[in-house]
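Beneath this line is the structure, given in structure tokens, with notes to follow.
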Amino acid sequence: MKVPLPPNFSQNDRPAAVIEIQNLTFGYGGRSFLFDDFSFRIKRGESWTVIGPSGCGKTTLLYLVAGLHKPLRGEIRIGGEKIVRARPSTGLVLQDHGLLPWATILENTRLGLKIRKFYGPDGKHSPANALGDAMGDEKRVDYWLHWLGIEQLQGMYPAQLSRGQRQRAAIARTLVLEPDLLLMDEPFSALDAPIREELQKVMNRFHLESGLTSLTVTHDIEEAVMLGEKILLLGNSCNREPQIIDNHLSGEIDKRTDPEFLERCGVLRALLARCTTRAHC
Amino acid sequence: MKKKATLLSTLIGIVMFFCLWQLAAMLINRPILPSPIVVVPLFFAHITGELGLHFLASAGRVLAAVFLATLFAAPLGLALGQMPQLDRILSPLIAIIYPIPKIIFLPVIYVLMGISDFSKITLIAIIIFFQILVVVRDEASGLKKELILSVKSLGAGRRALFRYVYLPASLPAVLTALRISVGTAVAVLFIAEQSLTSYGLGYYIVIETYQVLLYPEMYTGIMGMGLLGVMLYFAIYAIELKVSKHLFIE
């Protein structure tokens with residue numbers, strides 16, 4: 001059964017963020033830079049995937065955009081605002097669901113709202129315009145549990161759920177906060193193929209209906225093609241020039257055996273192989 | 001997952017315990033091991049009188065020690081778990097002190113703090129302190145990085161992380177540590193109460209009954225102290241069942 005998105009999540013009313021990465025330089029202490037003078041721009045409502053060999057800085061880039069790491073030089077702006085710390089309107093879903101093991105699915109889904117209430121609308125931990133209506137909050141929690149098809153599991157603990165169900169709960173927890181940007185770090189890579197495809201479908205549908213700007217890190221070529229209107233390729237050594245592939249095949253999960261889809265995957269595979277060996281700087 | 005103790009299993013345990021006691025009393029057949037048939041009625045007769053006061057004095061000391069130890073150890077354990085740099089400096093010291101049986105410091109504490117209730121409580125608190133410190137630290141530092149990051153991404157700063165992650169994560173550990181160390185605490189109390197006090201089950205058992213050969217009365221004291229240990233154990237266990245539901249999923 002398909003549940004429609006709530007009206008405030010529809011494409012035109014909902015503010016979706018623009019991401020500008022300007023002259024970003026970042027590396028971990030003692031090692032060479034992962035990014036040097038790296039710039040690109042994600043337009044409002046676009047869904048991007050980031051792919052590259054392990055250690056290329058995919059996750060690092062995501063954490064930088066999330067505000068969990070600070071650039072050494074350059075800056076990241078979301079909706080025109082420079083990111084200096086985790087931003088309350090950015091939603092983040094990690095490979096490891098990050099659910100609290102001692103809390104039920106319902107309590108986990110409520111967690112973000114609780115944290116917002118804990119701080120009040122301070123603009124720092126919680127959006128300055130966050131409305132604290134308990135009635136609306138409960139409805140939203142119910143709504144997203146229902147939308148992700150896990151409403152019957154709300155009394156259970158994460159340990160009692162399958163991996164796929166846990167990831168659904170993690171997504172519900174994030175979407176309850178009505179983010180204007182969704183960041184996902186290999187969200188489905190720990191899942192079995194059928195469950196993974198199901199969740200990819202769910203996220204495709206979500207993007208189509210919500211028009212939310214999103215950035216998904218993956219190491220899976222098919223997933224990169226399926227989820228990204230634009231695919232950002234990162235190389236194994238210092239990244240300077242972004243390699244971006246336009247991809248109109250995203251969202252067409254049922255066509256993944258079509259020749260065009262397979263060809264796109266093949267192109268990406270070849271590019272990725274080059275990325276792995278080539279040094280950028 | 002932990003295994004739940006049921007009411008039935010507890011009852012069976014109690015019945016087996018008293019059967020074995022009765023059996024041993026019949027086999028040994030000497031005044032030093034009276035039958036539970038003698039001791040149990042005597043216990044219930046005395047617990048409302050003088051024995052009850054000794055029981056309350058002991059229980060009060062243990063509870064005060066538990067409170068004091070938790071008050072100091074839990075925050076320090078949390079701090080160490082969250083600050084690896086600080087932990088690196090202190091952990092060699094903690095590793096050395098942790099296995100030392102703290103009861104050996106009894107004379108030192110008596111001299112330093114005077115012979116008072118407070119010195120007895122302090123000694124027990126020190127023992128529990130290290131148990132709690134170590135488990136809370138390990139629990140806090142063992143939290144997955146992804147868990148912390150994803151809660152941070154929901155907007156949590158230091159205060160909210162403490163309230164919604166570190167505190168609930170370490171509470172079950174504190175309770176487990178308490179439940180395990182409460183036996184040692186009662187044992188140390190027994191020794192600490194043997195001298196320089198006039199109330200407490202240790203005093204009652206050794207001075208008021210054992211030394212004057214009142215064996216059945218001595219056993220009421222032993223039962224009291226045993227009961228104190230068992231009651232504390234199950235009280236903490238009951239709180240654990242409530243607080244750490246996720247660890248007891250069937």
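By order in the structure tokens, chains are A, B, ...; within a chain, residues start at 1; ligands start at 1, following the order shown.
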
Show me a table, sorted first by chain and then by increasing residue number, of the residues of chain B having an atom at most 6 Å from chain A, each with its shortest atom pair and the distance in Å to one decimal, counting only C-alpha atoms and written as CSV.
residue,atom,partner,partner_atom,distance
B:Glu146,CA,A:Gly98,CA,5.8
B:Leu147,CA,A:Gly98,CA,4.2
B:Ser150,CA,A:Gly98,CA,5.7
B:Leu154,CA,A:Gly112,CA,5.1
B:Gly155,CA,A:His125,CA,4.5
B:His246,CA,A:Trp102,CA,5.3

Can those selected residues be exported to a file as a CSV table (one decimal), in the first residue's frame so that it contains C-alpha atoms?
chain,number,residue,atom,x,y,z
B,146,GLU,CA,28.4,5.8,14.0
B,147,LEU,CA,25.8,5.9,16.9
B,150,SER,CA,24.0,9.8,13.8
B,154,LEU,CA,19.9,14.8,14.7
B,155,GLY,CA,21.1,18.0,16.3
B,246,HIS,CA,16.3,-4.4,25.6

key: Backbone DSSP call of alpha helix (DSSP H) for region 12-75 of chain B, listed as a PyMOL selection string   = chain B and resi 12-28+36-46+50-75

Output file for the residues above (C-alpha atoms, as a JSON list (two decimals), in the first residue's frame):
[["chain", "number", "residue", "atom", "x", "y", "z"],
["B", 12, "ILE", "CA", 12.90, -23.54, 43.69],
["B", 13, "GLY", "CA", 16.28, -22.09, 44.69],
["B", 14, "ILE", "CA", 14.99, -21.12, 48.14],
["B", 15, "VAL", "CA", 13.41, -24.52, 48.76],
["B", 16, "MET", "CA", 16.61, -26.33, 47.69],
["B", 17, "PHE", "CA", 18.68, -24.08, 49.93],
["B", 18, "PHE", "CA", 16.64, -24.85, 53.05],
["B", 19, "CYS", "CA", 16.51, -28.59, 52.25],
["B", 20, "LEU", "CA", 20.29, -28.72, 51.98],
["B", 21, "TRP", "CA", 20.66, -26.77, 55.21],
["B", 22, "GLN", "CA", 18.34, -29.16, 57.01],
["B", 23, "LEU", "CA", 20.21, -32.13, 55.57],
["B", 24, "ALA", "CA", 23.59, -30.74, 56.63],
["B", 25, "ALA", "CA", 22.26, -29.99, 60.12],
["B", 26, "MET", "CA", 21.06, -33.58, 60.46],
["B", 27, "LEU", "CA", 24.36, -35.00, 59.20],
["B", 28, "ILE", "CA", 26.67, -32.83, 61.30],
["B", 36, "PRO", "CA", 16.50, -24.12, 59.95],
["B", 37, "ILE", "CA", 13.42, -25.31, 61.81],
["B", 38, "VAL", "CA", 14.95, -23.76, 64.93],
["B", 39, "VAL", "CA", 16.57, -20.73, 63.29],
["B", 40, "VAL", "CA", 13.82, -19.49, 60.98],
["B", 41, "PRO", "CA", 11.13, -19.02, 63.69],
["B", 42, "LEU", "CA", 13.77, -17.42, 65.92],
["B", 43, "PHE", "CA", 14.72, -15.09, 63.09],
["B", 44, "PHE", "CA", 11.13, -13.92, 62.63],
["B", 45, "ALA", "CA", 10.76, -13.49, 66.40],
["B", 46, "HIS", "CA", 13.89, -11.34, 66.67],
["B", 50, "GLU", "CA", 17.01, -5.91, 68.47],
["B", 51, "LEU", "CA", 18.02, -7.93, 65.39],
["B", 52, "GLY", "CA", 15.95, -5.58, 63.23],
["B", 53, "LEU", "CA", 17.99, -2.62, 64.45],
["B", 54, "HIS", "CA", 21.23, -4.41, 63.59],
["B", 55, "PHE", "CA", 19.78, -5.21, 60.17],
["B", 56, "LEU", "CA", 18.79, -1.59, 59.56],
["B", 57, "ALA", "CA", 22.23, -0.34, 60.63],
["B", 58, "SER", "CA", 23.94, -2.68, 58.15],
["B", 59, "ALA", "CA", 21.48, -1.97, 55.34],
["B", 60, "GLY", "CA", 21.89, 1.76, 55.88],
["B", 61, "ARG", "CA", 25.68, 1.49, 55.61],
["B", 62, "VAL", "CA", 25.58, -0.53, 52.40],
["B", 63, "LEU", "CA", 23.00, 1.75, 50.80],
["B", 64, "ALA", "CA", 24.96, 4.86, 51.76],
["B", 65, "ALA", "CA", 28.11, 3.29, 50.28],
["B", 66, "VAL", "CA", 26.29, 2.36, 47.07],
["B", 67, "PHE", "CA", 24.97, 5.90, 46.80],
["B", 68, "LEU", "CA", 28.35, 7.51, 47.44],
["B", 69, "ALA", "CA", 30.21, 5.20, 45.06],
["B", 70, "THR", "CA", 27.70, 5.72, 42.23],
["B", 71, "LEU", "CA", 27.72, 9.47, 42.79],
["B", 72, "PHE", "CA", 31.46, 9.67, 42.20],
["B", 73, "ALA", "CA", 32.21, 6.73, 39.93],
["B", 74, "ALA", "CA", 29.49, 7.12, 37.29],
["B", 75, "PRO", "CA", 30.36, 10.70, 36.22]]

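Residues of region 75-206 of chain A that DSSP places in strand (DSSP E or B), based on the backbone of this structure, are Glu75, Ile76, Arg77, Ile78, Glu81, Lys82, Thr90, Gly91, Leu92, Val93, Leu181, Leu182, Leu183, Met184 and Asp185 of chain A.
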
What would the file look like if the residues just selected were written as a compact mmCIF listing (two decimals), in the first residue's frame with N, CA and C atoms?
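Written output follows (again-v8.txt):
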# COMPACT_ATOMS: atom_id res chain seq x y z
N GLU A 75 35.23 26.54 1.71
CA GLU A 75 34.03 26.47 2.52
C GLU A 75 32.91 25.71 1.83
N ILE A 76 31.97 25.29 2.65
CA ILE A 76 30.79 24.62 2.13
C ILE A 76 29.59 25.46 2.55
N ARG A 77 28.76 25.78 1.56
CA ARG A 77 27.57 26.57 1.88
C ARG A 77 26.33 25.76 1.54
N ILE A 78 25.40 25.75 2.44
CA ILE A 78 24.13 25.08 2.16
C ILE A 78 23.04 26.13 2.29
N GLU A 81 24.28 29.43 3.40
CA GLU A 81 24.82 29.59 4.76
C GLU A 81 26.06 28.73 4.92
N LYS A 82 27.14 29.33 5.43
CA LYS A 82 28.39 28.59 5.60
C LYS A 82 28.26 27.55 6.72
N THR A 90 19.76 19.28 8.09
CA THR A 90 20.34 18.24 7.26
C THR A 90 20.04 16.88 7.88
N GLY A 91 19.51 15.98 7.07
CA GLY A 91 19.25 14.62 7.56
C GLY A 91 20.39 13.71 7.15
N LEU A 92 20.83 12.85 8.05
CA LEU A 92 21.96 11.96 7.76
C LEU A 92 21.57 10.52 8.07
N VAL A 93 21.79 9.62 7.10
CA VAL A 93 21.54 8.20 7.33
C VAL A 93 22.84 7.46 7.06
N LEU A 181 17.68 18.60 3.22
CA LEU A 181 18.79 17.94 2.54
C LEU A 181 18.99 16.57 3.18
N LEU A 182 19.11 15.55 2.33
CA LEU A 182 19.27 14.20 2.86
C LEU A 182 20.62 13.64 2.44
N LEU A 183 21.44 13.30 3.43
CA LEU A 183 22.76 12.73 3.15
C LEU A 183 22.74 11.26 3.58
N MET A 184 23.23 10.38 2.72
CA MET A 184 23.22 8.96 3.09
C MET A 184 24.59 8.36 2.78
N ASP A 185 25.13 7.64 3.77
CA ASP A 185 26.44 7.02 3.61
C ASP A 185 26.28 5.51 3.46

ask   = Neighbours of Ile32 (chain B) within 10 Å (only C-alpha atoms; same-chain residues fewer than 2 positions away dropped), as a list in words?
value = Ala25, Ile28, Asn29, Arg30, Pro34, Ser35, Tyr210, Leu213, Leu214, Tyr215, Pro216, Met218 and Tyr219 of chain B

task = Give me the residues within 8 Å of Gln131 (chain B) as a PyMOL selection string, counting only C-alpha atoms and dropping any in the same chain fewer than 3 places off.
result = chain B and resi 98+127-128+134-135+177-178+181

Residue subset to file, keeping C-alpha atoms, as an mmCIF file, in the first residue's frame:
data_model
loop_
_atom_site.group_PDB
_atom_site.id
_atom_site.type_symbol
_atom_site.label_atom_id
_atom_site.label_comp_id
_atom_site.auth_asym_id
_atom_site.auth_seq_id
_atom_site.Cartn_x
_atom_site.Cartn_y
_atom_site.Cartn_z
ATOM 1 C CA TYR B 98 41.338 -2.186 40.428
ATOM 2 C CA ILE B 127 35.295 -1.090 46.602
ATOM 3 C CA ILE B 128 32.100 -0.410 44.642
ATOM 4 C CA VAL B 134 35.547 0.493 35.079
ATOM 5 C CA VAL B 135 32.249 -0.736 33.597
ATOM 6 C CA ALA B 177 28.233 -3.548 38.394
ATOM 7 C CA LEU B 178 26.226 -2.799 41.529
ATOM 8 C CA SER B 181 29.654 -5.940 43.723
#

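Among the candidates B:Ile205, B:Ile222, B:Val243, B:Ala238, the one nearest to Leu7 (chain B) when counting only C-alpha atoms is B:Ala238.
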
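Proximity ranking of A:Gly136, A:Gly80, A:Pro187, A:Pro71 relative to Tyr28 (chain A) places A:Pro71 first, based on only C-alpha atoms.
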
inquiry  = Considering only C-alpha atoms, can you say which of A:Ile42, A:Met226, A:Ile83, A:Leu34 comes closest to Cys265 (chain A)?
reply    = A:Met226

For region 107-113 of chain B, work out the shell of residues within 8 Å, counting only C-alpha atoms and skipping chain neighbours fewer than 5 positions away, then give it as a tab-separated table (two decimals) with C-alpha atoms, in the first residue's frame.
chain	number	residue	atom	x	y	z
B	118	PHE	CA	31.51	7.18	57.81
B	119	SER	CA	34.84	5.36	57.66
B	123	LEU	CA	35.69	1.59	52.73

inquiry  = Could you list, as a VMD selection string, every residue within 10 Å of Met203 (chain A), counting only C-alpha atoms and ignoring same-chain residues fewer than 3 positions away?
reply    = chain A and resid 148 171 197 to 200 206 to 209 227 251

request  = Find the residues near region 268-273 of chain A: any atom within 12 Å, counting only C-alpha atoms, skip ones fewer than 3 places away on the same chain, and give them as a ChimeraX atom specification.
outcome  = /A:50-54,56,219-225,231-236,243-247,261-265,276-278

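Between CA of Asp142 (chain A) and CA of Gly164 (chain A) lies a distance of 18.9 Å.
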
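Take the candidates B:Ala156, B:Ile96, B:Val151, B:Leu143 and check each one against Phe130 (chain B) using only C-alpha atoms; the shortest distance goes to B:Ile96.
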
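Our summary of the geometry notes that CA of Thr25 (chain A) is positioned 10.5 Å from CA of Leu64 (chain A).
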
ask   = For Leu175 (chain A), which residue among A:Leu145, A:Leu72, A:Leu153, A:Leu161 is the nearest when counting only C-alpha atoms?
value = A:Leu145

request  = Kindly indicate which residue among A:Ser162, A:Gln167, A:Thr109, A:Gln22 lies nearest to Val141 (chain A), using only C-alpha atoms for the distances.
outcome  = A:Thr109

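The gap separating CA of Leu149 (chain B) from CA of His69 (chain A) is 10.9 Å, in Å to one decimal.
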